[in-house]
Amino acid sequence: MTAMPVQGAQVVTRVAGLLRLVGRSAEGMPLAGLVRESGLTRPTVHRLLSSLASEGLLDHDPATGNWVLGPEVLLMGSVAAARFPMEDIARPSLRRLAEATGESAFFSIRRGAETVCLLREEGSFPVRSFVLHEGVRFPLGVASAGTAIMAFLPEHEQEQLLGRWAEHAGAFAANHTAALVRENLARTRLAGYSVNPGLVLEGSWGMGAAVFDRSGKPAWALSLTGIEPRFKPERQEELGGLLMAEAHRITQQLGGGAEGRRRTR
């Protein structure tokens, strides 16, 4: 009896992890990739995937061999969207940012120790960076959105992440060393916006600004991404100002308060 809750919780954790991996992109992920990323055995992964497919939560694409999100996820998402009307609130800001800058604009949410990209709006500039898209997850402190959010977390929360940085950042730790992240966080607190100088992918730059909830904590972020020549130092202040203005606008709509938490220039 005492072992049952533990076993059940373990299954739920494994299922949730597989759903997140499949949901990283619309193209899904092949079985081999899911085995590698999850750390589970091939038979276990295949058994869980088959069970999820039987419930309509996943589909197996015969053309690519990838596992993709199923129709039940769409239905659940449409119901959940009524509780989180971020599309209506954030989309206008994304459009204004994309139109004003020509860059691709994104809206991300904090989920525990990660950020998840929820929305994007393409800019008019013909050359784009494709590092970020809906469903992509990054550890806090990695990429511009995660840096913008982490910079305004309470100090003890930042130190918890930095204290186990290699484990937290995973594959991104090589370019995002703890020392470099500390410098980026300090610059972000001073400027009010973050700058990612191609640390996720060489030549792909990003900038972000945090959106605060009612308690004054950073819960979301707006960001812009593009190629390095579009993010020269002389333009960063302009882009940062636009990001902070729209982040403040959304914060106000959500009834949050960034004043006193975000240091302005």
# chains A, B, ... in the order shown; residues from 1 in each chain; ligands from 1
call {"tool": "select_by_dssp", "arguments": {"residues": "segment 73-213 of chain A", "states": "helix (DSSP H, G or I)", "output": "ChimeraX atom specification"}}
result
/A:73-81,86-101,143-151,155-163,165-172,178-191
call {"tool": "residues_around", "arguments": {"residues": "Ile149 of chain A", "least_positions_apart": "4", "cutoff": "12 Å", "atoms": "only C-alpha atoms", "output": "number ranges by chain"}}
result
A: 107-116, 138-145, 153-154, 157-158, 184-185, 188-189, 192-194, 207-213, 216-223, 247, 258, 261-262
call {"tool": "residues_around", "arguments": {"residues": "Leu199 of chain A", "least_positions_apart": "6", "cutoff": "12 Å", "atoms": "only C-alpha atoms", "output": "MDAnalysis selection string"}}
result
chainID A and resid 131 141:144 147 171:177 180:181 184 205:207 228
call {"tool": "write_last_selection", "arguments": {"atoms": "all heavy atoms", "output": "CSV table (one decimal), in the first residue's frame"}}
result
chain,number,residue,atom,x,y,z
A,131,VAL,N,15.9,30.1,-33.4
A,131,VAL,CA,16.2,29.4,-32.1
A,131,VAL,C,14.9,29.3,-31.3
A,131,VAL,O,14.7,28.3,-30.6
A,131,VAL,CB,17.3,30.2,-31.4
A,131,VAL,CG1,17.5,29.7,-30.0
A,131,VAL,CG2,18.6,30.2,-32.1
A,141,GLY,N,17.8,31.8,-16.7
A,141,GLY,CA,19.2,32.3,-16.8
A,141,GLY,C,19.8,32.0,-18.2
A,141,GLY,O,20.9,32.5,-18.5
A,142,VAL,N,19.1,31.3,-19.0
A,142,VAL,CA,19.6,31.0,-20.3
A,142,VAL,C,18.6,31.6,-21.3
A,142,VAL,O,17.4,31.6,-21.1
A,142,VAL,CB,19.6,29.4,-20.6
A,142,VAL,CG1,19.8,29.1,-22.1
A,142,VAL,CG2,20.6,28.7,-19.7
A,143,ALA,N,19.2,32.2,-22.4
A,143,ALA,CA,18.4,33.0,-23.4
A,143,ALA,C,17.9,34.3,-22.7
A,143,ALA,O,18.0,34.5,-21.5
A,143,ALA,CB,17.3,32.2,-24.0
A,144,SER,N,17.4,35.2,-23.6
A,144,SER,CA,17.1,36.5,-23.1
A,144,SER,C,15.9,36.5,-22.1
A,144,SER,O,15.9,37.3,-21.1
A,144,SER,CB,16.8,37.5,-24.3
A,144,SER,OG,15.8,37.0,-25.1
A,147,THR,N,16.9,35.1,-18.7
A,147,THR,CA,17.8,36.0,-18.0
A,147,THR,C,17.0,37.2,-17.5
A,147,THR,O,17.2,37.6,-16.3
A,147,THR,CB,18.9,36.6,-19.0
A,147,THR,OG1,19.6,35.5,-19.5
A,147,THR,CG2,19.8,37.5,-18.2
A,171,ALA,N,23.0,21.2,-21.0
A,171,ALA,CA,23.8,21.4,-22.2
A,171,ALA,C,24.2,22.8,-22.5
A,171,ALA,O,25.1,23.1,-23.3
A,171,ALA,CB,23.0,20.8,-23.4
A,172,PHE,N,23.5,23.8,-21.9
A,172,PHE,CA,23.8,25.2,-22.1
A,172,PHE,C,24.8,25.7,-21.2
A,172,PHE,O,25.3,26.9,-21.3
A,172,PHE,CB,22.5,26.0,-21.9
A,172,PHE,CG,21.4,25.7,-22.8
A,172,PHE,CD1,20.3,24.9,-22.4
A,172,PHE,CD2,21.4,26.1,-24.1
A,172,PHE,CE1,19.3,24.5,-23.3
A,172,PHE,CE2,20.4,25.7,-25.0
A,172,PHE,CZ,19.3,24.9,-24.6
A,173,ALA,N,25.3,24.9,-20.2
A,173,ALA,CA,26.3,25.4,-19.2
A,173,ALA,C,27.6,25.8,-19.8
A,173,ALA,O,28.3,26.6,-19.3
A,173,ALA,CB,26.5,24.3,-18.1
A,174,ALA,N,28.0,25.1,-20.9
A,174,ALA,CA,29.3,25.4,-21.5
A,174,ALA,C,29.4,26.9,-21.9
A,174,ALA,O,30.4,27.5,-21.7
A,174,ALA,CB,29.5,24.5,-22.7
A,175,ASN,N,28.4,27.4,-22.6
A,175,ASN,CA,28.5,28.8,-23.0
A,175,ASN,C,27.9,29.7,-22.0
A,175,ASN,O,28.3,30.9,-21.9
A,175,ASN,CB,27.6,29.0,-24.3
A,175,ASN,CG,28.3,28.4,-25.5
A,175,ASN,OD1,29.5,28.2,-25.5
A,175,ASN,ND2,27.5,28.2,-26.6
A,176,HIS,N,27.0,29.2,-21.1
A,176,HIS,CA,26.5,30.0,-20.1
A,176,HIS,C,27.1,29.6,-18.7
A,176,HIS,O,26.5,29.0,-17.9
A,176,HIS,CB,25.0,29.8,-19.9
A,176,HIS,CG,24.2,30.3,-21.1
A,176,HIS,ND1,24.1,29.6,-22.3
A,176,HIS,CD2,23.4,31.4,-21.3
A,176,HIS,CE1,23.3,30.2,-23.1
A,176,HIS,NE2,22.9,31.3,-22.6
A,177,THR,N,28.4,30.0,-18.6
A,177,THR,CA,29.1,29.7,-17.3
A,177,THR,C,28.4,30.5,-16.2
A,177,THR,O,27.8,31.5,-16.4
A,177,THR,CB,30.6,30.0,-17.4
A,177,THR,OG1,30.7,31.5,-17.5
A,177,THR,CG2,31.2,29.3,-18.5
A,180,LEU,N,29.6,34.1,-16.0
A,180,LEU,CA,29.0,34.9,-17.1
A,180,LEU,C,27.6,35.2,-16.8
A,180,LEU,O,27.1,36.3,-17.0
A,180,LEU,CB,29.2,34.2,-18.4
A,180,LEU,CG,28.6,34.9,-19.7
A,180,LEU,CD1,29.3,36.3,-19.8
A,180,LEU,CD2,28.8,34.1,-20.9
A,181,VAL,N,26.8,34.2,-16.3
A,181,VAL,CA,25.4,34.4,-16.0
A,181,VAL,C,25.3,35.5,-14.9
A,181,VAL,O,24.4,36.3,-15.0
A,181,VAL,CB,24.8,33.1,-15.6
A,181,VAL,CG1,23.4,33.3,-15.0
A,181,VAL,CG2,24.7,32.2,-16.8
A,184,ASN,N,25.6,38.8,-16.5
A,184,ASN,CA,24.4,39.1,-17.3
A,184,ASN,C,23.3,39.5,-16.4
A,184,ASN,O,22.5,40.4,-16.7
A,184,ASN,CB,24.0,37.9,-18.2
A,184,ASN,CG,25.0,37.7,-19.3
A,184,ASN,OD1,25.7,38.5,-19.7
A,184,ASN,ND2,24.9,36.5,-19.9
A,205,TRP,N,21.1,36.6,-31.7
A,205,TRP,CA,21.0,37.5,-30.5
A,205,TRP,C,19.6,37.6,-30.1
A,205,TRP,O,18.6,37.5,-30.8
A,205,TRP,CB,21.6,38.8,-30.8
A,205,TRP,CG,23.1,38.8,-30.8
A,205,TRP,CD1,24.0,37.9,-31.4
A,205,TRP,CD2,24.0,39.7,-30.1
A,205,TRP,NE1,25.3,38.2,-31.2
A,205,TRP,CE2,25.3,39.4,-30.4
A,205,TRP,CE3,23.8,40.9,-29.3
A,205,TRP,CZ2,26.4,40.0,-29.9
A,205,TRP,CZ3,24.9,41.6,-28.8
A,205,TRP,CH2,26.2,41.1,-29.1
A,206,GLY,N,19.4,38.0,-28.8
A,206,GLY,CA,18.1,38.3,-28.3
A,206,GLY,C,18.2,39.3,-27.1
A,206,GLY,O,19.2,39.5,-26.5
A,207,MET,N,17.0,39.9,-26.9
A,207,MET,CA,16.9,40.8,-25.8
A,207,MET,C,15.5,40.6,-25.1
A,207,MET,O,14.6,40.2,-25.8
A,207,MET,CB,16.9,42.3,-26.3
A,207,MET,CG,18.3,42.7,-26.8
A,207,MET,SD,18.4,44.4,-27.4
A,207,MET,CE,18.0,45.3,-25.8
A,228,GLU,N,22.9,38.9,-35.4
A,228,GLU,CA,23.8,39.8,-34.6
A,228,GLU,C,23.9,41.2,-35.1
A,228,GLU,O,23.8,42.2,-34.4
A,228,GLU,CB,25.2,39.2,-34.6
A,228,GLU,CG,26.2,40.0,-33.8
A,228,GLU,CD,27.6,39.3,-33.7
A,228,GLU,OE1,27.7,38.2,-34.2
A,228,GLU,OE2,28.5,39.9,-33.2
call {"tool": "select_by_dssp", "arguments": {"residues": "segment 177-228 of chain A", "states": "strand (DSSP E or B)", "output": "list of chain:residue names"}}
result
A:Ser194, A:Val195, A:Asn196, A:Pro197, A:Gly198, A:Leu199, A:Val200, A:Leu201, A:Ser204, A:Trp205, A:Gly206, A:Met207, A:Gly208, A:Ala209, A:Ala210, A:Val211, A:Phe212, A:Pro218, A:Ala219, A:Trp220, A:Ala221, A:Leu222, A:Ser223, A:Leu224, A:Thr225, A:Gly226, A:Ile227
call {"tool": "closest_residue", "arguments": {"among": "A:Gln252, A:Thr225, A:Leu57, A:Gly163", "to": "Leu74 of chain A", "atoms": "only C-alpha atoms"}}
result
A:Leu57
call {"tool": "atom_distance", "arguments": {"atom1": "atom CA of Val73 of chain A", "atom2": "atom CA of Gly135 of chain A"}}
result
13.2 Å
call {"tool": "closest_residue", "arguments": {"among": "A:Gly56, A:Gly77, A:Pro92, A:Gly33", "to": "Gln253 of chain A", "atoms": "only C-alpha atoms"}}
result
A:Pro92
call {"tool": "atom_distance", "arguments": {"atom1": "atom CA of Gly23 of chain A", "atom2": "atom CA of His133 of chain A"}}
result
11.3 Å
call {"tool": "atom_distance", "arguments": {"atom1": "atom CA of Gly102 of chain A", "atom2": "atom CA of Gly28 of chain A"}}
result
29.0 Å
call {"tool": "closest_residue", "arguments": {"among": "A:His248, A:Arg14, A:His156, A:Arg120", "to": "Leu40 of chain A", "atoms": "only C-alpha atoms"}}
result
A:Arg14
call {"tool": "residues_around", "arguments": {"residues": "Ala16 of chain A", "least_positions_apart": "5", "cutoff": "12 Å", "atoms": "only C-alpha atoms", "output": "list in words"}}
result
Ala9, Gln10, Val11, Leu21, Val22, Gly23, Ser38, Val45, Leu48, Leu49, Leu52, Leu57 and Leu58 of chain A
call {"tool": "decode", "arguments": {"residues": "segment 114-148 of chain A", "atoms": "N, CA, C and O atoms", "output": "mmCIF file, in the first residue's frame"}}
result
data_model
loop_
_atom_site.group_PDB
_atom_site.id
_atom_site.type_symbol
_atom_site.label_atom_id
_atom_site.label_comp_id
_atom_site.auth_asym_id
_atom_site.auth_seq_id
_atom_site.Cartn_x
_atom_site.Cartn_y
_atom_site.Cartn_z
ATOM 1 N N GLU A 114 12.232 26.883 -15.441
ATOM 2 C CA GLU A 114 12.351 27.020 -16.888
ATOM 3 C C GLU A 114 11.518 28.198 -17.393
ATOM 4 O O GLU A 114 10.659 28.725 -16.682
ATOM 5 N N THR A 115 11.786 28.572 -18.623
ATOM 6 C CA THR A 115 10.863 29.432 -19.365
ATOM 7 C C THR A 115 10.336 28.632 -20.548
ATOM 8 O O THR A 115 11.046 27.802 -21.122
ATOM 9 N N VAL A 116 9.074 28.879 -20.886
ATOM 10 C CA VAL A 116 8.441 28.212 -22.021
ATOM 11 C C VAL A 116 7.895 29.295 -22.944
ATOM 12 O O VAL A 116 7.161 30.184 -22.495
ATOM 13 N N CYS A 117 8.247 29.233 -24.205
ATOM 14 C CA CYS A 117 7.740 30.199 -25.180
ATOM 15 C C CYS A 117 6.283 29.872 -25.499
ATOM 16 O O CYS A 117 5.968 28.753 -25.900
ATOM 17 N N LEU A 118 5.406 30.866 -25.334
ATOM 18 C CA LEU A 118 3.980 30.672 -25.580
ATOM 19 C C LEU A 118 3.517 31.247 -26.915
ATOM 20 O O LEU A 118 2.724 30.638 -27.611
ATOM 21 N N LEU A 119 4.006 32.443 -27.248
ATOM 22 C CA LEU A 119 3.501 33.156 -28.415
ATOM 23 C C LEU A 119 4.661 33.778 -29.189
ATOM 24 O O LEU A 119 5.690 34.137 -28.606
ATOM 25 N N ARG A 120 4.460 33.944 -30.494
ATOM 26 C CA ARG A 120 5.452 34.658 -31.292
ATOM 27 C C ARG A 120 4.748 35.493 -32.350
ATOM 28 O O ARG A 120 3.625 35.207 -32.757
ATOM 29 N N GLU A 121 5.435 36.517 -32.793
ATOM 30 C CA GLU A 121 4.965 37.380 -33.871
ATOM 31 C C GLU A 121 6.165 37.691 -34.748
ATOM 32 O O GLU A 121 7.174 38.236 -34.278
ATOM 33 N N GLU A 122 6.082 37.309 -36.021
ATOM 34 C CA GLU A 122 7.216 37.501 -36.918
ATOM 35 C C GLU A 122 7.344 38.960 -37.336
ATOM 36 O O GLU A 122 6.351 39.635 -37.615
ATOM 37 N N GLY A 123 8.589 39.422 -37.409
ATOM 38 C CA GLY A 123 8.863 40.769 -37.884
ATOM 39 C C GLY A 123 9.031 40.789 -39.391
ATOM 40 O O GLY A 123 9.000 39.753 -40.060
ATOM 41 N N SER A 124 9.235 41.984 -39.924
ATOM 42 C CA SER A 124 9.324 42.147 -41.374
ATOM 43 C C SER A 124 10.719 41.913 -41.934
ATOM 44 O O SER A 124 10.886 41.711 -43.140
ATOM 45 N N PHE A 125 11.758 41.930 -41.060
ATOM 46 C CA PHE A 125 13.114 41.748 -41.560
ATOM 47 C C PHE A 125 13.255 40.339 -42.136
ATOM 48 O O PHE A 125 12.889 39.360 -41.474
ATOM 49 N N PRO A 126 13.748 40.220 -43.362
ATOM 50 C CA PRO A 126 13.706 38.914 -44.061
ATOM 51 C C PRO A 126 14.617 37.845 -43.483
ATOM 52 O O PRO A 126 14.352 36.657 -43.654
ATOM 53 N N VAL A 127 15.698 38.227 -42.814
ATOM 54 C CA VAL A 127 16.608 37.245 -42.232
ATOM 55 C C VAL A 127 16.256 37.082 -40.761
ATOM 56 O O VAL A 127 16.271 38.047 -40.000
ATOM 57 N N ARG A 128 15.946 35.862 -40.350
ATOM 58 C CA ARG A 128 15.456 35.633 -38.994
ATOM 59 C C ARG A 128 16.278 34.580 -38.273
ATOM 60 O O ARG A 128 16.972 33.775 -38.890
ATOM 61 N N SER A 129 16.135 34.591 -36.955
ATOM 62 C CA SER A 129 16.702 33.535 -36.118
ATOM 63 C C SER A 129 15.585 32.575 -35.747
ATOM 64 O O SER A 129 14.493 32.992 -35.389
ATOM 65 N N PHE A 130 15.861 31.281 -35.849
ATOM 66 C CA PHE A 130 14.825 30.286 -35.572
ATOM 67 C C PHE A 130 15.123 29.495 -34.300
ATOM 68 O O PHE A 130 14.677 28.364 -34.142
ATOM 69 N N VAL A 131 15.871 30.102 -33.393
ATOM 70 C CA VAL A 131 16.185 29.442 -32.128
ATOM 71 C C VAL A 131 14.940 29.302 -31.271
ATOM 72 O O VAL A 131 14.733 28.298 -30.593
ATOM 73 N N LEU A 132 14.085 30.317 -31.315
ATOM 74 C CA LEU A 132 12.927 30.364 -30.414
ATOM 75 C C LEU A 132 11.637 30.177 -31.197
ATOM 76 O O LEU A 132 11.442 30.766 -32.248
ATOM 77 N N HIS A 133 10.758 29.331 -30.659
ATOM 78 C CA HIS A 133 9.424 29.150 -31.235
ATOM 79 C C HIS A 133 8.515 28.606 -30.146
ATOM 80 O O HIS A 133 8.980 28.226 -29.053
ATOM 81 N N GLU A 134 7.214 28.571 -30.400
ATOM 82 C CA GLU A 134 6.267 28.139 -29.396
ATOM 83 C C GLU A 134 6.615 26.744 -28.878
ATOM 84 O O GLU A 134 6.894 25.833 -29.650
ATOM 85 N N GLY A 135 6.591 26.602 -27.568
ATOM 86 C CA GLY A 135 6.864 25.316 -26.946
ATOM 87 C C GLY A 135 8.300 25.105 -26.521
ATOM 88 O O GLY A 135 8.588 24.176 -25.759
ATOM 89 N N VAL A 136 9.209 25.940 -26.988
ATOM 90 C CA VAL A 136 10.618 25.773 -26.634
ATOM 91 C C VAL A 136 10.826 26.130 -25.161
ATOM 92 O O VAL A 136 10.309 27.127 -24.668
ATOM 93 N N ARG A 137 11.617 25.299 -24.482
ATOM 94 C CA ARG A 137 11.920 25.500 -23.070
ATOM 95 C C ARG A 137 13.406 25.773 -22.893
ATOM 96 O O ARG A 137 14.242 25.147 -23.548
ATOM 97 N N PHE A 138 13.711 26.710 -21.998
ATOM 98 C CA PHE A 138 15.091 26.988 -21.620
ATOM 99 C C PHE A 138 15.181 27.070 -20.102
ATOM 100 O O PHE A 138 14.233 27.514 -19.448
ATOM 101 N N PRO A 139 16.314 26.677 -19.517
ATOM 102 C CA PRO A 139 16.500 26.887 -18.083
ATOM 103 C C PRO A 139 16.524 28.386 -17.769
ATOM 104 O O PRO A 139 16.966 29.193 -18.596
ATOM 105 N N LEU A 140 16.023 28.758 -16.605
ATOM 106 C CA LEU A 140 16.125 30.152 -16.187
ATOM 107 C C LEU A 140 17.592 30.584 -16.211
ATOM 108 O O LEU A 140 18.478 29.825 -15.823
ATOM 109 N N GLY A 141 17.838 31.796 -16.690
ATOM 110 C CA GLY A 141 19.203 32.295 -16.814
ATOM 111 C C GLY A 141 19.811 32.039 -18.165
ATOM 112 O O GLY A 141 20.901 32.529 -18.462
ATOM 113 N N VAL A 142 19.115 31.256 -18.994
ATOM 114 C CA VAL A 142 19.567 30.953 -20.350
ATOM 115 C C VAL A 142 18.632 31.649 -21.329
ATOM 116 O O VAL A 142 17.420 31.641 -21.137
ATOM 117 N N ALA A 143 19.193 32.249 -22.382
ATOM 118 C CA ALA A 143 18.442 33.022 -23.375
ATOM 119 C C ALA A 143 17.918 34.311 -22.737
ATOM 120 O O ALA A 143 17.958 34.480 -21.520
ATOM 121 N N SER A 144 17.422 35.201 -23.566
ATOM 122 C CA SER A 144 17.081 36.539 -23.075
ATOM 123 C C SER A 144 15.880 36.548 -22.138
ATOM 124 O O SER A 144 15.864 37.262 -21.133
ATOM 125 N N ALA A 145 14.847 35.751 -22.439
ATOM 126 C CA ALA A 145 13.667 35.726 -21.573
ATOM 127 C C ALA A 145 14.013 35.169 -20.198
ATOM 128 O O ALA A 145 13.622 35.733 -19.163
ATOM 129 N N GLY A 146 14.755 34.054 -20.176
ATOM 130 C CA GLY A 146 15.130 33.453 -18.906
ATOM 131 C C GLY A 146 16.045 34.332 -18.076
ATOM 132 O O GLY A 146 15.977 34.325 -16.841
ATOM 133 N N THR A 147 16.907 35.096 -18.744
ATOM 134 C CA THR A 147 17.786 36.029 -18.028
ATOM 135 C C THR A 147 16.988 37.179 -17.452
ATOM 136 O O THR A 147 17.202 37.602 -16.310
ATOM 137 N N ALA A 148 16.034 37.702 -18.238
ATOM 138 C CA ALA A 148 15.218 38.824 -17.777
ATOM 139 C C ALA A 148 14.403 38.438 -16.547
ATOM 140 O O ALA A 148 14.245 39.233 -15.617
#
